[in-house]
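Report on one structure; see the data block that follows.
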Amino acid sequence: MPIATVNPATGENLETFEPFGRGELELRLARAEAAFRDYRTTTFEYRSQLLRRAADVLDADREQLARTVTTEMGKPLAQASAETAKCARALRWYADHGAALIADELPGEDDVADSGATAAYVRYRPLGVVLAVMPWNFPLWQVVRFAAPALMAGNVGLLKHASNVPRTALALEEVFRRAGAPEGCFQTLLIGSGAVEAVIRDRRVAAVTLTGSEPAGRSVAAVAGDELKKTVLELGGSDPFVVLPSADLDAAVRTAVKARTQNNGQSCIAAKRFIVHADVYPGFTSEFAKAMGALRIGDPMAPDTDIGPLATRQGLADLSALVADALAHDAVAECGGNRPNGPLEQGWYYPPTVLTGITPAMRIHREEAFGPVATVYRVESLDEAVALANDSPFGLSSNVWTTDPAEQERFVRDIEAGSVFFNGMTASHPALPFGGVKRSGYGRELAGHGIREFCNVTTVWLGPT
Ligand code: NAP
């Protein structure tokens with residue numbers, strides 16, 4: 001895949017970038033290693049100030065950055081602007097809380113004495129140069145949610161961004177440079193996925209984090225495993241959105257539409273499988289299809305657009321094939337299901353689509369639909385809802401609509417996912433850990449769990465003097 005900015009709204013190639021050769025890559029790896037030697041000794045206060053200045057740069061450049069993102073991957077401009085603001089908030093959150101999250105930990109006095117020590121504590125020390133392999137769908141946020149905790153902990157970062165967002169990747173490097181980060185502290189590597197293995201194997205790289213698809217995760221984890229290097233993987237998802245009879249149906253429908261179509265439907269934590277109790281199925285399904293069908297699809301730069309184009313030509317082909325397979329197996333399209341004609345044909349647009357009559361014979365029953373396509377299932381009981389919610393290879397997040405505490409507790413106990421959101425849609429927040437189980441990956445980002453992923457948890461034990 002060439003490293004290029006191609007506008008998904010028109011298919012026009014705006015700029016192609018030459019991937020880094022061996023010399024440039026070597027220079028950047030050497031710079032990262034040198035930067036870590038000093039940066040690891042900086043104080044929390046120094047790092048907090050750096051993150052705050054990066055947040056200020058994001059705020060100052062918000063409009064420009066949002067336009068770059070929308071041009072490269074097609075999300076509506078207002079959403080790109082909101083993403084930029086969210087990044088600034090996360091940087092400030094880690095600036096405020098990072099030091100406390102990885103402060104020295106003191107075991108209880110009795111436990112210290114029991115270990116034979118006069119004193120003992122745990123110190124969180126940085127691991128070193130961390131490689132981040134990142135996707136295009138939230139091209140600022142995915143990177144910042146890695147970079148803010150990693151830099152706060154004293155690591156330095158190398159970014160291998162998706163090949164279709166090179167301008168955003170370079171802009172991120174520039175944000176940290178303008179914030180006054182030491183040279184080599186945060187660098188972008190313009191390389192294709194084929195060059196990632198050599199970077200992981202390089203002795204100067206200590207660990208790797210990847211957000212992306214299952215095949216990419218498998219490949220990165222295999223190489224890192226071979227090198228015995230730490231990994232965090234945030235992979236795909238096919239989150240359930242369960243609606244039970246006690247739900248506020250209007251709110252559930254409104255949220256369902258947003259949860260399925262935000263970011264043009266290309267979000268790992270988008271609700272993708274709608275599992276609806278028979279008592280409320282007819283009302284939910286008809287209102288949901290009506291609202292999905294009424295969304296405005298078009299130019300992502302226009303302020304009244306709800307749904308822009310998909311980010312890549314391949315993504316459009318994959319989604320179209322998934323829906324075609326379901327329809328060929330007798331699924332029913334309650335709305336959408338066909339690409340728009342007319343002026344939108346030249347871009348990679350796909351309309352909001354609601355499918356019913358889903359069976360296990362259809363690929364979409366097990367595979368992730370990365371675009372504005374929802375599947376709706378009818379269930380007769382709570383047990384059936386839990387079983388269907390868990391009948392997926394993925395386990396990223398989940399949404400459940402019920403006001404019944406016993407039903408809520410049932411999901412907290414039994415859902416096979418990294419999070420469960422009741423009466424609302426899944427979203428990430430700096431203070432809450434984020435990540436999945438099963439084929440959605442392992443490890444956590446954000447909160448204290450995220451900042452500790454790339455730390456050397458060092459035990460310090462002092463014997464009797
Ligand atoms: P992708 O193809 O896996 O790409 C993600 C990144 O991995 C890109 O930088 C890509 O580089 C690189 N890559 C691809 N194959 C690789 C390999 N064999 N070795 C090393 N690097 C490789 O993912 P995508 O299709 O663009 O993104 C969508 C996927 O990401 C979906 O499954 C979505 O659910 C998932 N996602 C997960 C989360 C989460 O937090 N769990 C968040 C967002 C997205 P190139 O672009 O150069 O190929």
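Letters for chains follow the order of the structure tokens (A, B, ...), residue numbers begin at 1 for each chain, and ligand numbers begin at 1 in the order shown.
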Within 12 Å of range 326-329 of chain A using only C-alpha atoms, minus same-chain residues under 2 positions, as a PyMOL selection string: chain A and resi 319-324+331-334+336-338+353-367+369+373-375
Output of the above residues as an mmCIF file, in the first residue's frame, restricted to C-alpha atoms:
```cif
data_model
loop_
_atom_site.group_PDB
_atom_site.id
_atom_site.type_symbol
_atom_site.label_atom_id
_atom_site.label_comp_id
_atom_site.auth_asym_id
_atom_site.auth_seq_id
_atom_site.Cartn_x
_atom_site.Cartn_y
_atom_site.Cartn_z
ATOM 1 C CA LEU A 319 -18.293 -3.764 3.491
ATOM 2 C CA SER A 320 -20.214 -4.087 0.207
ATOM 3 C CA ALA A 321 -19.233 -7.767 0.014
ATOM 4 C CA LEU A 322 -20.337 -8.403 3.600
ATOM 5 C CA VAL A 323 -23.787 -6.918 2.970
ATOM 6 C CA ALA A 324 -24.125 -8.674 -0.406
ATOM 7 C CA ALA A 331 -31.217 -11.083 5.143
ATOM 8 C CA VAL A 332 -33.655 -8.171 4.793
ATOM 9 C CA ALA A 333 -32.400 -4.593 4.284
ATOM 10 C CA GLU A 334 -34.765 -2.413 6.352
ATOM 11 C CA GLY A 336 -29.781 1.060 2.745
ATOM 12 C CA GLY A 337 -27.991 -1.964 1.301
ATOM 13 C CA ASN A 338 -27.052 -0.310 -1.988
ATOM 14 C CA THR A 353 -27.964 0.116 6.441
ATOM 15 C CA VAL A 354 -30.074 -1.955 8.831
ATOM 16 C CA LEU A 355 -30.232 -5.707 8.257
ATOM 17 C CA THR A 356 -32.667 -8.140 9.884
ATOM 18 C CA GLY A 357 -33.168 -11.887 9.458
ATOM 19 C CA ILE A 358 -29.513 -12.567 10.304
ATOM 20 C CA THR A 359 -28.446 -16.228 10.557
ATOM 21 C CA PRO A 360 -25.133 -17.888 11.452
ATOM 22 C CA ALA A 361 -24.715 -18.806 7.769
ATOM 23 C CA MET A 362 -23.970 -15.150 6.990
ATOM 24 C CA ARG A 363 -20.425 -13.806 7.262
ATOM 25 C CA ILE A 364 -21.703 -10.667 8.947
ATOM 26 C CA HIS A 365 -22.862 -12.773 11.905
ATOM 27 C CA ARG A 366 -19.224 -13.361 12.886
ATOM 28 C CA GLU A 367 -17.206 -10.684 11.093
ATOM 29 C CA ALA A 369 -18.735 -4.620 9.711
ATOM 30 C CA VAL A 373 -24.168 -1.274 8.732
ATOM 31 C CA ALA A 374 -26.201 -2.638 11.652
ATOM 32 C CA THR A 375 -27.520 -6.153 12.191
#
```
What residues of the protein or nucleic acid chains come within 8 Å of ligand 1 when you use only C-alpha atoms and all ligand atoms? Reply as a PyMOL selection string. chain A and resi 1-3+133-138+142+160-164+191-197+210-220+233-238+266-269+315+368+370+396+434-436+440-441
Polymer residues at most 6 Å from range 54-63 of chain A, only C-alpha atoms, same-chain spacing of 6 or more positions, as a PyMOL selection string: chain A and resi 88+91+176+179
Would you save the residues of that selection, restricted to all heavy atoms, as a short mmCIF file (atom, residue, chain, number, x, y, z; two decimals), in the first residue's frame?
```cif
data_model
loop_
_atom_site.label_atom_id
_atom_site.label_comp_id
_atom_site.auth_asym_id
_atom_site.auth_seq_id
_atom_site.Cartn_x
_atom_site.Cartn_y
_atom_site.Cartn_z
N ALA A 88 -6.43 16.92 23.37
CA ALA A 88 -5.89 17.94 24.27
C ALA A 88 -6.31 17.63 25.71
O ALA A 88 -5.52 17.75 26.65
CB ALA A 88 -6.36 19.33 23.85
N LEU A 91 -4.19 14.76 27.11
CA LEU A 91 -2.83 15.19 27.46
C LEU A 91 -2.84 15.92 28.80
O LEU A 91 -2.01 15.68 29.68
CB LEU A 91 -2.28 16.12 26.37
CG LEU A 91 -1.83 15.39 25.09
CD1 LEU A 91 -1.81 16.33 23.90
CD2 LEU A 91 -0.44 14.76 25.29
N PHE A 176 4.44 17.70 18.86
CA PHE A 176 5.35 17.48 19.99
C PHE A 176 6.64 18.30 19.83
O PHE A 176 7.20 18.77 20.81
CB PHE A 176 5.65 15.98 20.15
CG PHE A 176 4.48 15.24 20.74
CD1 PHE A 176 3.64 14.47 19.96
CD2 PHE A 176 4.19 15.36 22.10
CE1 PHE A 176 2.54 13.81 20.51
CE2 PHE A 176 3.09 14.71 22.66
CZ PHE A 176 2.26 13.94 21.85
N ALA A 179 5.83 21.68 20.91
CA ALA A 179 5.61 21.71 22.36
C ALA A 179 6.94 21.71 23.12
O ALA A 179 6.95 21.81 24.35
CB ALA A 179 4.77 20.50 22.78
#
```
According to DSSP computed on the backbone, where in range 139-245 of chain A is there strand (DSSP E or B)? Give the residues as a PyMOL selection string. chain A and resi 156-160+186-188+205-211+230-234+239-243
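Non-sequential neighbours of Ala302 in chain A (distance at most 8 Å, separation of 4 or more positions within a chain, only C-alpha atoms) are Pro76, Leu77 and Gly298 of chain A.
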Selection from above, C-alpha atoms, as a compact mmCIF listing (two decimals), in the first residue's frame, can you write it?
```txt
# COMPACT_ATOMS: atom_id res chain seq x y z
CA PRO A 76 -17.27 14.70 9.19
CA LEU A 77 -15.29 17.83 10.02
CA GLY A 298 -22.33 13.53 1.67
```
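As for CA of Ser246 in chain A and CA of Glu380 in chain A, they are spaced 14.2 Å apart.
Among A:Ser428, A:Thr261, A:Asn13, A:Ser381, the residue with the shortest atom-to-atom distance to Ala278 in chain A, counting only C-alpha atoms, is A:Ser381.
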Taking only residues of range 392-463 of chain A that have an atom at most 7 Å from an atom of range 247-254 of chain A, what is each one's shortest atom pair and its distance in Å to one decimal, using only C-alpha atoms, in chain and number order, as JSON lines?
```
{"residue": "A:Trp401", "atom": "CA", "partner": "A:Ala247", "partner_atom": "CA", "distance": 5.2}
{"residue": "A:Thr402", "atom": "CA", "partner": "A:Ala247", "partner_atom": "CA", "distance": 4.8}
{"residue": "A:Thr403", "atom": "CA", "partner": "A:Ala247", "partner_atom": "CA", "distance": 6.4}
```
Could those residues be written to a file, using N, CA and C atoms, as a tab-separated table (two decimals), in the first residue's frame?
```tsv
chain	number	residue	atom	x	y	z
A	401	TRP	N	-29.16	-1.88	27.51
A	401	TRP	CA	-30.23	-0.95	27.89
A	401	TRP	C	-31.24	-1.67	28.77
A	402	THR	N	-31.14	-1.40	30.06
A	402	THR	CA	-32.09	-1.92	31.03
A	402	THR	C	-31.96	-1.08	32.30
A	403	THR	N	-33.07	-0.90	33.00
A	403	THR	CA	-32.99	-0.19	34.28
A	403	THR	C	-33.09	-1.18	35.44
```
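Residues with any atom within 6 Å of range 109-126 of chain A, counting only C-alpha atoms and excluding same-chain neighbours fewer than 5 positions away, are A:Ile102, A:Asp104, A:Ala153, A:Gly154, A:Asn155, A:Cys455, A:Asn456, A:Val457, A:Thr458, A:Thr459, A:Val460, A:Trp461, A:Leu462, A:Gly463, A:Pro464.
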Leaving out Leu131 in chain A and any residue of its chain fewer than 6 positions from it, which residues lie within 12 Å of it when counting only C-alpha atoms, given as a PyMOL selection string? chain A and resi 28-29+32+143+146-147+150+155-161+185-189+196-202+204-211+220+224+229-232+454
